[in-house]
$ cat structure_15.txt   # compact mmCIF, C-alpha atoms
# COMPACT_ATOMS: atom_id res chain seq x y z
CA MET A 1 67.02 67.46 128.82
CA LEU A 2 67.40 68.24 125.13
CA GLY A 3 66.86 71.92 125.88
CA GLY A 4 69.61 71.83 128.48
CA MET A 5 72.01 70.19 126.03
CA LEU A 6 71.25 72.81 123.38
CA ALA A 7 71.73 75.61 125.90
CA GLY A 8 75.07 74.14 126.95
CA ALA A 9 76.18 73.84 123.33
CA MET A 10 75.19 77.45 122.68
CA LYS A 11 77.12 78.65 125.72
CA LYS A 12 80.18 76.70 124.59
CA MET A 13 79.96 78.20 121.09
CA LEU A 14 79.60 81.68 122.58
CA ARG A 15 82.66 81.18 124.77
CA THR A 16 84.64 79.95 121.76
CA LEU A 17 83.51 82.96 119.72
CA LEU A 18 84.46 85.40 122.45
CA THR A 19 87.82 83.68 122.99
CA SER A 20 88.71 83.66 119.28
CA TYR A 21 87.22 86.98 118.19
CA GLY A 22 87.00 88.86 121.49
CA PHE A 23 89.65 91.46 120.71
CA THR A 24 88.47 91.88 117.11
CA LEU A 25 84.90 92.41 118.35
CA LEU A 26 86.20 94.91 120.89
CA LEU A 27 88.02 96.82 118.13
CA LEU A 28 84.94 96.85 115.92
CA ALA A 29 82.79 98.00 118.85
CA SER A 30 85.23 100.82 119.63
CA ILE A 31 85.30 101.90 115.99
CA ALA A 32 81.49 101.84 115.83
CA ALA A 33 81.32 103.85 119.06
CA GLY A 34 83.85 106.31 117.68
CA ALA A 35 81.85 106.68 114.47
CA GLY A 36 78.68 107.34 116.44
CA LEU A 37 80.47 109.84 118.64
CA GLY A 38 81.90 111.56 115.58
CA LEU A 39 78.46 111.85 113.98
CA ALA A 40 77.04 113.25 117.22
CA LEU A 41 79.82 115.74 117.93
CA GLY A 42 80.60 116.79 114.37
CA GLU A 43 83.69 118.97 114.11
CA ARG A 44 83.99 119.05 117.90
CA ALA A 45 85.21 115.43 117.67
CA ALA A 46 88.58 116.85 116.60
CA ALA A 47 89.29 117.23 120.32
CA LEU A 48 89.67 113.43 120.47
CA LYS A 49 92.36 113.37 117.79
CA PRO A 50 95.32 113.47 120.25
CA LEU A 51 94.18 110.13 121.72
CA GLY A 52 94.32 108.63 118.25
CA ASP A 53 97.63 110.31 117.45
CA LEU A 54 99.17 108.73 120.55
CA PHE A 55 98.28 105.24 119.29
CA LEU A 56 99.61 105.94 115.80
CA ASN A 57 102.85 107.40 117.14
CA LEU A 58 103.47 104.33 119.31
CA LEU A 59 103.05 102.08 116.28
CA PHE A 60 105.21 104.30 114.09
CA THR A 61 107.97 104.13 116.70
CA LEU A 62 107.91 100.33 116.60
CA VAL A 63 107.51 99.76 112.88
CA VAL A 64 111.17 100.00 111.83
CA PRO A 65 112.62 97.52 114.38
CA LEU A 66 109.59 95.27 113.96
CA ILE A 67 110.06 94.95 110.20
CA PHE A 68 113.81 94.48 110.47
CA PHE A 69 113.83 91.81 113.17
CA SER A 70 110.81 89.86 111.89
CA ILE A 71 112.14 89.50 108.34
CA SER A 72 115.85 89.08 109.10
CA SER A 73 115.21 86.47 111.81
CA ALA A 74 112.90 84.47 109.53
CA VAL A 75 115.45 84.42 106.69
CA ALA A 76 118.32 83.62 109.07
CA GLY A 77 116.43 80.55 110.28
CA MET A 78 116.14 78.96 106.84
CA SER A 79 118.14 75.84 105.92
CA SER A 80 120.24 75.39 102.77
CA LEU A 81 119.91 71.69 101.91
CA ARG A 82 119.60 70.95 98.20
CA ARG A 83 116.06 69.57 98.21
CA LEU A 84 115.00 72.32 100.56
CA GLY A 85 116.44 74.79 98.09
CA ARG A 86 114.35 73.21 95.33
CA ILE A 87 111.28 73.27 97.57
CA VAL A 88 111.80 76.94 98.41
CA THR A 89 112.32 77.84 94.76
CA ALA A 90 109.14 76.06 93.67
CA MET A 91 107.29 77.43 96.69
CA LEU A 92 108.20 81.04 95.90
CA GLY A 93 107.13 80.56 92.29
CA VAL A 94 103.76 79.20 93.40
CA PHE A 95 103.33 81.93 96.01
CA ILE A 96 104.03 84.71 93.51
CA ALA A 97 101.80 83.15 90.83
CA THR A 98 98.81 82.70 93.15
CA GLY A 99 99.33 86.14 94.68
CA LEU A 100 99.39 87.62 91.19
CA VAL A 101 96.13 85.88 90.28
CA ALA A 102 94.43 87.15 93.44
CA SER A 103 95.72 90.70 92.95
CA VAL A 104 94.69 90.92 89.29
CA LEU A 105 91.28 89.47 90.10
CA MET A 106 90.63 92.14 92.71
CA LEU A 107 92.02 94.85 90.42
CA VAL A 108 89.45 93.88 87.78
CA ALA A 109 86.74 93.83 90.45
CA VAL A 110 87.52 97.33 91.78
CA LYS A 111 87.53 98.69 88.23
CA LEU A 112 84.08 97.20 87.64
CA TYR A 113 82.76 98.19 91.07
CA PRO A 114 84.80 101.09 92.55
CA PRO A 115 84.61 100.87 96.36
CA ALA A 116 84.64 104.67 96.77
CA ALA A 117 82.64 105.73 93.73
CA GLY A 118 81.52 109.35 93.97
CA LEU A 119 83.32 109.99 97.24
CA GLU A 120 86.27 112.23 98.01
CA VAL A 121 87.95 113.10 101.30
CA ALA A 122 90.41 116.03 101.31
CA LEU A 123 92.60 115.19 104.29
CA PRO A 124 95.30 117.74 105.18
CA GLY A 125 98.87 117.32 104.11
CA ARG A 126 98.22 115.83 100.69
CA PRO A 127 101.60 115.83 98.93
CA GLN A 128 102.32 117.18 95.47
CA VAL A 129 104.38 114.55 93.68
CA ALA A 130 106.63 115.69 90.86
CA PRO A 131 106.98 113.42 87.81
CA VAL A 132 109.81 110.90 88.20
CA SER A 133 111.08 108.34 85.70
CA LEU A 134 110.16 104.69 86.23
CA GLY A 135 113.80 103.71 86.75
CA ASP A 136 114.32 106.36 89.43
CA GLN A 137 111.08 105.28 91.12
CA LEU A 138 112.24 101.67 91.28
CA VAL A 139 115.68 102.59 92.66
CA GLY A 140 114.16 104.96 95.19
CA ALA A 141 111.56 102.41 96.22
CA VAL A 142 114.02 99.64 97.16
CA SER A 143 117.17 101.50 98.26
CA VAL A 144 118.47 104.56 100.08
CA ALA A 145 121.78 106.40 99.84
CA ASP A 146 122.61 106.34 103.56
CA PHE A 147 122.15 103.80 106.35
CA GLY A 148 120.53 106.37 108.62
CA GLU A 149 117.67 106.77 106.15
CA LEU A 150 116.63 103.18 106.86
CA LEU A 151 115.57 104.26 110.33
CA SER A 152 112.54 106.09 108.97
CA ARG A 153 109.10 104.66 108.23
CA LYS A 154 109.22 106.63 104.96
CA ASN A 155 111.65 104.01 103.57
CA VAL A 156 109.86 100.75 104.31
CA LEU A 157 110.80 98.90 101.13
CA PRO A 158 114.57 99.55 101.42
CA LEU A 159 114.38 98.38 105.03
CA ILE A 160 112.77 95.13 103.89
CA VAL A 161 115.53 94.58 101.31
CA ILE A 162 118.28 95.13 103.90
CA ALA A 163 116.50 92.85 106.39
CA PHE A 164 116.49 90.07 103.80
CA LEU A 165 120.19 90.61 103.07
CA VAL A 166 121.06 90.53 106.78
CA GLY A 167 119.15 87.27 107.16
CA LEU A 168 120.94 85.75 104.15
CA GLY A 169 124.31 86.95 105.47
CA THR A 170 123.60 85.37 108.85
CA THR A 171 122.81 82.04 107.19
CA ALA A 172 125.92 82.25 104.99
CA ALA A 173 128.10 82.78 108.08
CA GLY A 174 127.22 79.26 109.21
CA GLU A 175 128.14 78.32 112.77
CA ARG A 176 129.72 81.70 113.46
CA GLY A 177 126.45 83.38 112.56
CA GLN A 178 124.35 81.31 114.97
CA PRO A 179 124.76 83.64 117.98
CA PHE A 180 123.59 86.53 115.81
CA ALA A 181 120.69 84.43 114.50
CA ARG A 182 119.60 83.75 118.06
CA LEU A 183 119.87 87.47 118.80
CA LEU A 184 117.65 88.29 115.82
CA ALA A 185 115.08 85.68 116.89
CA SER A 186 115.11 86.96 120.48
CA ALA A 187 114.77 90.59 119.39
CA ASN A 188 111.89 89.66 117.10
CA GLU A 189 110.08 87.95 119.96
CA VAL A 190 110.58 90.99 122.19
CA MET A 191 109.23 93.34 119.52
CA LEU A 192 106.12 91.20 119.05
CA ARG A 193 105.47 91.35 122.79
CA VAL A 194 105.89 95.14 122.74
CA VAL A 195 103.37 95.36 119.90
CA ASP A 196 100.98 93.25 121.98
CA LEU A 197 101.32 95.78 124.82
CA VAL A 198 100.64 98.72 122.50
CA MET A 199 97.59 96.95 121.06
CA TYR A 200 95.92 97.06 124.47
CA TYR A 201 95.47 100.75 123.77
CA ALA A 202 94.09 100.12 120.26
CA PRO A 203 90.37 100.25 121.18
CA ILE A 204 90.78 103.73 122.65
CA GLY A 205 93.20 104.97 119.99
CA LEU A 206 91.28 103.72 116.96
CA GLY A 207 87.94 104.75 118.42
CA ALA A 208 89.17 108.27 119.08
CA TYR A 209 90.81 108.64 115.69
CA PHE A 210 87.75 107.32 113.90
CA ALA A 211 85.53 109.74 115.83
CA HIS A 212 87.79 112.55 114.59
CA LEU A 213 87.63 111.33 110.99
CA VAL A 214 83.86 110.87 110.92
CA GLY A 215 83.19 114.10 112.81
CA THR A 216 85.45 116.11 110.54
CA PHE A 217 84.77 114.52 107.16
CA GLY A 218 81.22 113.26 107.60
CA PRO A 219 79.52 109.91 107.07
CA THR A 220 80.90 109.45 103.57
CA LEU A 221 83.66 107.26 105.04
CA LEU A 222 81.08 104.84 106.41
CA SER A 223 79.26 104.51 103.11
CA SER A 224 82.55 103.67 101.40
CA TYR A 225 83.07 100.76 103.81
CA VAL A 226 79.67 99.33 102.86
CA ARG A 227 80.71 99.22 99.22
CA ALA A 228 84.14 97.83 100.08
CA LEU A 229 82.77 94.98 102.20
CA GLY A 230 80.05 94.26 99.66
CA LEU A 231 82.83 93.72 97.12
CA PHE A 232 85.35 91.82 99.27
CA TYR A 233 83.23 89.19 100.99
CA PRO A 234 81.57 87.68 97.87
CA LEU A 235 84.87 87.78 95.98
CA ALA A 236 86.75 86.06 98.83
CA VAL A 237 84.11 83.31 99.02
CA ALA A 238 84.21 82.84 95.26
CA TYR A 239 88.01 82.66 95.32
CA PHE A 240 87.88 80.08 98.10
CA PHE A 241 85.65 77.72 96.17
CA VAL A 242 86.58 78.37 92.53
CA ALA A 243 90.28 79.29 92.53
CA PHE A 244 91.35 76.68 95.10
CA THR A 245 89.43 73.96 93.29
CA LEU A 246 91.21 74.97 90.07
CA TYR A 247 94.62 74.92 91.78
CA ALA A 248 93.92 71.48 93.27
CA TRP A 249 92.88 70.21 89.84
CA LEU A 250 96.07 71.55 88.23
CA ALA A 251 98.11 69.84 90.95
CA GLY A 252 96.40 66.45 90.92
CA ARG A 253 93.46 66.49 88.51
CA GLY A 254 90.29 64.87 89.92
CA ARG A 255 92.21 62.98 92.61
CA GLY A 256 93.77 66.23 93.80
CA VAL A 257 90.39 67.98 94.00
CA ARG A 258 88.88 65.13 96.00
CA ALA A 259 91.86 64.98 98.37
CA PHE A 260 91.80 68.73 98.86
CA TRP A 261 88.11 69.08 99.73
CA ARG A 262 88.10 65.90 101.83
CA ASN A 263 90.84 67.23 104.12
CA ILE A 264 90.50 71.02 104.08
CA PRO A 265 87.44 71.57 106.38
CA ALA A 266 89.47 71.33 109.62
CA PRO A 267 92.12 73.92 108.61
CA ALA A 268 89.45 76.17 107.10
CA LEU A 269 87.33 76.15 110.26
CA THR A 270 90.44 76.67 112.40
CA ALA A 271 91.39 79.72 110.33
CA LEU A 272 87.91 81.20 110.70
CA ALA A 273 87.73 80.44 114.43
CA THR A 274 91.15 81.86 115.32
CA SER A 275 91.67 84.49 112.58
CA SER A 276 95.31 83.37 112.53
CA SER A 277 97.33 81.58 109.86
CA MET A 278 99.85 80.58 112.51
CA ALA A 279 97.20 78.81 114.60
CA THR A 280 96.18 76.83 111.50
CA ILE A 281 99.65 75.36 110.87
CA PRO A 282 99.19 72.04 112.76
CA SER A 283 95.85 71.12 111.17
CA ASN A 284 97.05 72.42 107.80
CA ILE A 285 100.13 70.16 107.84
CA GLU A 286 98.03 67.16 108.87
CA ALA A 287 95.52 67.85 106.08
CA ALA A 288 98.34 68.11 103.52
CA ARG A 289 99.85 64.80 104.69
CA ARG A 290 96.46 63.08 104.45
CA ALA A 291 96.16 64.43 100.90
CA GLY A 292 99.45 62.69 100.05
CA VAL A 293 101.81 65.69 100.12
CA PRO A 294 105.34 64.56 101.21
CA ASP A 295 106.27 65.58 104.73
CA ASP A 296 109.33 67.57 103.73
CA ILE A 297 107.21 69.73 101.41
CA ALA A 298 104.32 70.21 103.83
CA GLU A 299 106.57 71.04 106.77
CA VAL A 300 108.44 73.72 104.79
CA VAL A 301 105.71 75.28 102.65
CA ILE A 302 102.98 75.61 105.27
CA PRO A 303 104.99 77.25 108.09
CA ILE A 304 106.72 79.65 105.69
CA GLY A 305 103.45 80.25 103.87
CA ALA A 306 101.76 81.22 107.11
CA THR A 307 104.15 84.18 107.18
CA ILE A 308 104.81 85.14 103.55
CA HIS A 309 101.96 83.70 101.45
CA MET A 310 98.68 85.53 101.85
CA GLU A 311 96.33 85.59 98.89
CA GLY A 312 93.57 87.05 101.04
CA SER A 313 95.92 89.86 101.96
CA CYS A 314 96.66 90.45 98.26
CA LEU A 315 92.92 90.78 97.66
CA SER A 316 92.52 93.24 100.54
CA ALA A 317 95.63 95.25 99.59
CA VAL A 318 94.23 96.04 96.13
CA LEU A 319 90.89 96.91 97.72
CA LYS A 320 92.57 99.27 100.20
CA ALA A 321 94.59 100.99 97.48
CA ALA A 322 91.51 101.41 95.28
CA LEU A 323 89.54 102.80 98.22
CA LEU A 324 92.19 105.45 98.91
CA PHE A 325 92.49 106.35 95.24
CA GLY A 326 88.74 106.94 95.14
CA LEU A 327 88.52 108.81 98.44
CA PHE A 328 91.34 111.15 97.46
CA GLY A 329 89.96 111.77 93.99
CA ARG A 330 92.87 110.13 92.17
CA GLU A 331 92.40 108.07 89.02
CA LEU A 332 93.26 104.38 89.22
CA THR A 333 94.27 104.13 85.58
CA GLY A 334 97.35 103.50 83.46
CA ALA A 335 99.67 100.53 83.10
CA ASP A 336 102.23 101.97 85.54
CA THR A 337 99.58 102.43 88.21
CA TYR A 338 98.14 98.96 87.66
CA LEU A 339 101.59 97.38 87.91
CA ALA A 340 102.36 99.38 91.05
CA VAL A 341 99.11 98.35 92.74
CA VAL A 342 99.58 94.68 91.88
CA GLY A 343 103.23 94.84 92.97
CA VAL A 344 102.34 96.43 96.30
CA ALA A 345 99.59 93.84 96.81
CA ILE A 346 102.05 90.96 96.27
CA LEU A 347 104.56 92.67 98.55
CA SER A 348 101.87 93.18 101.20
CA GLY A 349 101.10 89.47 101.00
CA THR A 350 104.74 88.65 101.72
CA VAL A 351 105.50 90.99 104.63
CA MET A 352 102.46 90.47 106.84
CA SER A 353 102.77 87.99 109.68
CA GLY A 354 100.15 85.34 110.37
CA ILE A 355 98.59 86.92 113.44
CA PRO A 356 95.18 88.57 113.92
CA GLY A 357 95.23 92.11 112.52
CA GLY A 358 98.66 91.65 110.99
CA GLY A 359 98.17 93.97 108.01
CA PHE A 360 99.71 97.11 109.49
CA ILE A 361 103.02 96.85 107.62
CA GLY A 362 101.32 96.30 104.28
CA GLU A 363 98.99 99.21 104.93
CA LEU A 364 101.97 101.43 105.72
CA VAL A 365 103.55 100.41 102.41
CA ILE A 366 100.37 101.33 100.53
CA VAL A 367 100.10 104.74 102.18
CA SER A 368 103.77 105.65 101.83
CA LEU A 369 104.46 104.32 98.33
CA PHE A 370 101.48 106.02 96.70
CA GLY A 371 102.07 109.29 98.51
CA PHE A 372 98.91 109.41 100.61
CA PRO A 373 99.00 111.43 103.85
CA ILE A 374 99.54 109.43 107.00
CA GLU A 375 95.99 110.30 108.13
CA ALA A 376 94.81 107.77 105.54
CA LEU A 377 96.25 104.88 107.54
CA PRO A 378 93.33 104.48 110.01
CA ILE A 379 90.90 104.40 107.07
CA ILE A 380 92.41 101.28 105.51
CA SER A 381 93.28 99.82 108.91
CA THR A 382 89.55 99.68 109.59
CA VAL A 383 89.00 97.91 106.28
CA GLY A 384 91.71 95.43 107.29
CA ALA A 385 89.93 94.65 110.56
CA LEU A 386 86.58 94.20 108.82
CA VAL A 387 87.87 91.78 106.17
CA ASP A 388 90.28 89.88 108.46
CA PRO A 389 88.27 86.62 108.96
CA PRO A 390 87.63 85.79 105.27
CA ALA A 391 91.11 87.05 104.33
CA THR A 392 92.69 84.71 106.90
CA LEU A 393 90.61 81.84 105.55
CA VAL A 394 91.95 82.45 102.05
CA ASN A 395 95.49 82.92 103.39
CA ALA A 396 95.60 79.64 105.34
CA VAL A 397 93.83 77.44 102.80
CA GLY A 398 96.05 78.90 100.08
CA ASP A 399 99.08 77.48 101.90
CA ASN A 400 97.52 74.01 101.79
CA VAL A 401 96.75 73.98 98.09
CA SER A 402 100.19 75.49 97.39
CA CYS A 403 101.73 72.38 98.98
CA MET A 404 99.96 70.29 96.37
CA ALA A 405 101.25 72.51 93.57
CA VAL A 406 104.84 72.30 94.88
CA ALA A 407 104.56 68.51 95.16
CA ARG A 408 103.38 68.38 91.55
CA LEU A 409 106.32 70.48 90.36
CA LEU A 410 108.97 68.49 92.27
CA ASP A 411 107.67 64.90 92.33
CA GLY A 412 105.58 64.70 89.17
CA PRO A 413 101.91 63.88 88.58
CA ARG A 414 101.98 60.75 90.78
CA TRP A 415 102.97 62.62 93.94
CA GLY A 416 99.69 61.87 95.69
CA GLU A 417 99.88 58.11 95.31
CA ARG A 418 102.32 57.69 98.19
CA LYS A 419 100.94 57.03 101.63
CA ALA A 420 100.90 59.84 104.17
CA GLY A 421 104.34 60.37 105.62
CA GLU A 422 106.15 58.27 103.01
CA ALA A 423 109.48 59.63 101.81
CA PRO A 424 110.04 60.93 98.27
CA ALA A 425 110.93 58.45 95.56
CA GLU A 426 114.62 59.48 95.58
CA PRO A 427 115.66 60.03 99.21
CA GLU A 428 119.30 60.37 98.27
CA THR A 429 118.41 63.55 96.32
CA ALA A 430 116.53 64.92 99.25
CA ALA A 431 119.48 64.33 101.53
CA GLY A 432 122.07 65.59 99.11
CA ALA A 433 124.47 68.47 99.47

$ encode --input "structure_15.txt" --output "structure tokens"
Amino acid sequence: MLGGMLAGAMKKMLRTLLTSYGFTLLLLASIAAGAGLGLALGERAAALKPLGDLFLNLLFTLVVPLIFFSISSAVAGMSSLRRLGRIVTAMLGVFIATGLVASVLMLVAVKLYPPAAGLEVALPGRPQVAPVSLGDQLVGAVSVADFGELLSRKNVLPLIVIAFLVGLGTTAAGERGQPFARLLASANEVMLRVVDLVMYYAPIGLGAYFAHLVGTFGPTLLSSYVRALGLFYPLAVAYFFVAFTLYAWLAGRGRGVRAFWRNIPAPALTALATSSSMATIPSNIEAARRAGVPDDIAEVVIPIGATIHMEGSCLSAVLKAALLFGLFGRELTGADTYLAVVGVAILSGTVMSGIPGGGFIGELVIVSLFGFPIEALPIISTVGALVDPPATLVNAVGDNVSCMAVARLLDGPRWGERKAGEAPAEPETAAGA
């Protein structure tokens, strides 16, 4: 009888694993098969490259409307109440601070343990970049001189800026802007469904492209992934336990630490099981309420954080950039380079959506901003797939502890002494404006 119960439990766990990670496992299997095929065929694997190019071209076609509609619709849906404005201001400060900590931590780690030490891959099309002043780089990074230039994946950052401005303009238009806000939300939903359709081809496309890369450039790519994963996984686990405990202590001292670890297991396990920050929102909000975080803070910070606050993604973005610098034989040195890598990591953590495998936009920013050839994209996309579960764990749990930090900033050190669901001490302030 006991054996039957254990067998049933194992079957249930296997079904849950396949349901939650089925597509990720399929992607990893296709990449592994592609790598094996590339090793077996050698340079003949280049014949499979068109299958991979087809997948990349489909994604490149979708990237501009996807970025525009996802960001503009999210901003257009934000409220403008006074307390909400204070919450958002504190929230953004916390998000940037924690993202900065994660990015700098990984930057130190990749300097101590380079993920691509001794390796170099000379992919075709490597650009020669002429020296440009820092001011011109900043202007060129966030703006373009003509609207038509926004419709190119080469200008991702200016597109993001315009998308934010369109969202803000829609909100400022008030009632007259609501039809346009609904249009943006509807278009965003359509684009996400189109991406889902394209992703059905991902196992074939990524497998074929990886076979081409491995067959053409040899097994050095695989050895670089071993070093990258050996660096990311221990660092992500250490960040989960050490950094989040520190943040909880800063927010509520010993009481905050106890409340955090007493209530965080359910969201943490949900994040690992689903590999989605969005799927973790309900349990994350409930955990924050049980920890004493006011409802209005939890219900704003956690849903927004599931989209724009991703410390795990900041960790992986620095890792991806360092991997490409090493593979292409470029030095990751100098204050300007360090600032650029950290800045891109924070940006990557604010533009990726909370869905499985949602790092494509951030990876495109890394490749385009640092001038790597587009063939480098599948390399770091594979890293993104491999580190997705622990990165999602850090992303989702980071939203929870950020709620505690925002509550500390807005309601003082006694924020956690209210019962779950109780209103702030000054409701008239919260309802003002």

$ closest_residue --input "structure_15.txt" --among "A:Ala40, A:Ile281, A:Val341, A:Val257" --to "A:Thr307" --atoms "all atoms listed in the file"
A:Ile281

$ closest_atom_pairs --input "structure_15.txt" --of "stretch 157-272 of chain A" --to "stretch 385-394 of chain A" --cutoff "9 Å" --atoms "all atoms listed in the file" --output "JSON lines"
{"residue": "A:Tyr225", "atom": "CA", "partner": "A:Leu386", "partner_atom": "CA", "distance": 9.0}
{"residue": "A:Leu229", "atom": "CA", "partner": "A:Val387", "partner_atom": "CA", "distance": 7.2}
{"residue": "A:Phe232", "atom": "CA", "partner": "A:Val387", "partner_atom": "CA", "distance": 7.3}
{"residue": "A:Tyr233", "atom": "CA", "partner": "A:Pro390", "partner_atom": "CA", "distance": 7.0}
{"residue": "A:Ala236", "atom": "CA", "partner": "A:Pro390", "partner_atom": "CA", "distance": 6.5}
{"residue": "A:Val237", "atom": "CA", "partner": "A:Pro390", "partner_atom": "CA", "distance": 7.6}
{"residue": "A:Tyr239", "atom": "CA", "partner": "A:Val394", "partner_atom": "CA", "distance": 7.8}
{"residue": "A:Phe240", "atom": "CA", "partner": "A:Val394", "partner_atom": "CA", "distance": 6.1}
{"residue": "A:Pro267", "atom": "CA", "partner": "A:Leu393", "partner_atom": "CA", "distance": 8.6}
{"residue": "A:Ala268", "atom": "CA", "partner": "A:Leu393", "partner_atom": "CA", "distance": 6.0}
{"residue": "A:Leu269", "atom": "CA", "partner": "A:Leu393", "partner_atom": "CA", "distance": 8.1}
{"residue": "A:Thr270", "atom": "CA", "partner": "A:Leu393", "partner_atom": "CA", "distance": 8.6}
{"residue": "A:Ala271", "atom": "CA", "partner": "A:Leu393", "partner_atom": "CA", "distance": 5.3}
{"residue": "A:Leu272", "atom": "CA", "partner": "A:Pro389", "partner_atom": "CA", "distance": 5.7}

$ atom_distance --input "structure_15.txt" --atom1 "atom CA of A:Leu192" --atom2 "atom CA of A:Leu56"
16.4 Å

$ residues_around --input "structure_15.txt" --residues "A:Gly256" --least-positions-apart "5" --cutoff "10 Å" --atoms "all atoms listed in the file" --output "PDB file with C-alpha atoms, keeping the file's coordinate frame"
ATOM      1  CA  THR A 245      89.430  73.960  93.290  1.00  0.00           C
ATOM      2  CA  LEU A 246      91.210  74.970  90.070  1.00  0.00           C
ATOM      3  CA  TYR A 247      94.620  74.920  91.780  1.00  0.00           C
ATOM      4  CA  ALA A 248      93.920  71.480  93.270  1.00  0.00           C
ATOM      5  CA  TRP A 249      92.880  70.210  89.840  1.00  0.00           C
ATOM      6  CA  LEU A 250      96.070  71.550  88.230  1.00  0.00           C
ATOM      7  CA  ALA A 251      98.110  69.840  90.950  1.00  0.00           C
ATOM      8  CA  TRP A 261      88.110  69.080  99.730  1.00  0.00           C
ATOM      9  CA  ARG A 262      88.100  65.900 101.830  1.00  0.00           C
ATOM     10  CA  ALA A 291      96.160  64.430 100.900  1.00  0.00           C
ATOM     11  CA  GLY A 292      99.450  62.690 100.050  1.00  0.00           C
ATOM     12  CA  VAL A 401      96.750  73.980  98.090  1.00  0.00           C
ATOM     13  CA  MET A 404      99.960  70.290  96.370  1.00  0.00           C
ATOM     14  CA  ALA A 405     101.250  72.510  93.570  1.00  0.00           C
ATOM     15  CA  PRO A 413     101.910  63.880  88.580  1.00  0.00           C
ATOM     16  CA  TRP A 415     102.970  62.620  93.940  1.00  0.00           C
ATOM     17  CA  GLY A 416      99.690  61.870  95.690  1.00  0.00           C
TER      18      GLY A 416
END

$ closest_residue --input "structure_15.txt" --among "A:Pro203, A:His212, A:Ala243, A:Ala76" --to "A:Phe180" --atoms "all atoms listed in the file"
A:Ala76

$ atom_distance --input "structure_15.txt" --atom1 "atom CA of A:Ala266" --atom2 "atom CA of A:Ser283"
6.6 Å

$ closest_atom_pairs --input "structure_15.txt" --of "stretch 134-199 of chain A" --to "stretch 64-69 of chain A" --cutoff "9 Å" --atoms "only C-alpha atoms" --output "Markdown table"
| residue | atom | partner | partner_atom | distance |
| --- | --- | --- | --- | --- |
| A:Leu150 | CA | A:Val64 | CA | 8.0 |
| A:Leu151 | CA | A:Val64 | CA | 6.3 |
| A:Ser152 | CA | A:Val64 | CA | 6.9 |
| A:Arg153 | CA | A:Val64 | CA | 6.2 |
| A:Val156 | CA | A:Val64 | CA | 7.7 |
| A:Leu159 | CA | A:Phe68 | CA | 6.7 |
| A:Ile160 | CA | A:Phe68 | CA | 6.7 |
| A:Ile162 | CA | A:Phe68 | CA | 8.0 |
| A:Ala163 | CA | A:Phe68 | CA | 5.2 |
| A:Phe164 | CA | A:Phe68 | CA | 8.4 |
| A:Leu184 | CA | A:Phe69 | CA | 5.8 |
| A:Ala185 | CA | A:Phe69 | CA | 7.3 |
| A:Ser186 | CA | A:Phe69 | CA | 8.9 |
| A:Ala187 | CA | A:Phe69 | CA | 6.4 |
| A:Asn188 | CA | A:Phe69 | CA | 4.9 |
| A:Glu189 | CA | A:Phe69 | CA | 8.7 |
| A:Met191 | CA | A:Leu66 | CA | 5.9 |
| A:Leu192 | CA | A:Leu66 | CA | 7.4 |
| A:Val195 | CA | A:Leu66 | CA | 8.6 |

$ atom_distance --input "structure_15.txt" --atom1 "atom CA of A:Gly371" --atom2 "atom CA of A:Leu107"
19.4 Å

$ closest_residue --input "structure_15.txt" --among "A:Ala317, A:Val342, A:Phe241, A:Arg290" --to "A:Val397" --atoms "all atoms listed in the file"
A:Phe241

$ residues_around --input "structure_15.txt" --residues "A:Val166" --least-positions-apart "6" --cutoff "9 Å" --atoms "all atoms listed in the file" --output "ChimeraX atom specification"
/A:72-73,75-76

$ residues_around --input "structure_15.txt" --residues "A:Ser402" --least-positions-apart "2" --cutoff "8 Å" --atoms "all atoms listed in the file" --output "PyMOL selection string"
chain A and resi 91+94-95+247+301+398-400+404-406

$ closest_residue --input "structure_15.txt" --among "A:Leu315, A:Ala35, A:Ala228, A:Ala298" --to "A:Leu347" --atoms "all atoms listed in the file"
A:Leu315

$ closest_residue --input "structure_15.txt" --among "A:Glu311, A:Asp295, A:Glu331, A:Asp53" --to "A:Asn395" --atoms "all atoms listed in the file"
A:Glu311

$ closest_residue --input "structure_15.txt" --among "A:Leu39, A:Ile297, A:Val226, A:Ala29" --to "A:Val383" --atoms "all atoms listed in the file"
A:Val226

$ residues_around --input "structure_15.txt" --residues "A:Gly207" --least-positions-apart "4" --cutoff "9 Å" --atoms "only C-alpha atoms" --output "PyMOL selection string"
chain A and resi 27-35+51-52+202-203+211-212

$ residues_around --input "structure_15.txt" --residues "A:Asn155" --least-positions-apart "6" --cutoff "10 Å" --atoms "only C-alpha atoms" --output "ChimeraX atom specification"
/A:64,140-144,149,365,368-369

$ decode --input "structure_15.txt" --residues "stretch 212-216 of chain A" --atoms "N, CA and C atoms" --output "short mmCIF file (atom, residue, chain, number, x, y, z; two decimals), in the first residue's frame"
data_model
loop_
_atom_site.label_atom_id
_atom_site.label_comp_id
_atom_site.auth_asym_id
_atom_site.auth_seq_id
_atom_site.Cartn_x
_atom_site.Cartn_y
_atom_site.Cartn_z
N HIS A 212 24.73 24.64 -36.06
CA HIS A 212 25.62 25.43 -36.93
C HIS A 212 26.76 26.04 -36.13
N LEU A 213 26.45 26.63 -34.97
CA LEU A 213 27.49 27.27 -34.18
C LEU A 213 28.53 26.27 -33.70
N VAL A 214 28.06 25.16 -33.14
CA VAL A 214 28.99 24.17 -32.61
C VAL A 214 29.79 23.52 -33.74
N GLY A 215 29.11 23.20 -34.85
CA GLY A 215 29.82 22.58 -35.97
C GLY A 215 30.85 23.49 -36.58
N THR A 216 30.57 24.78 -36.61
CA THR A 216 31.48 25.73 -37.25
C THR A 216 32.60 26.18 -36.32
#
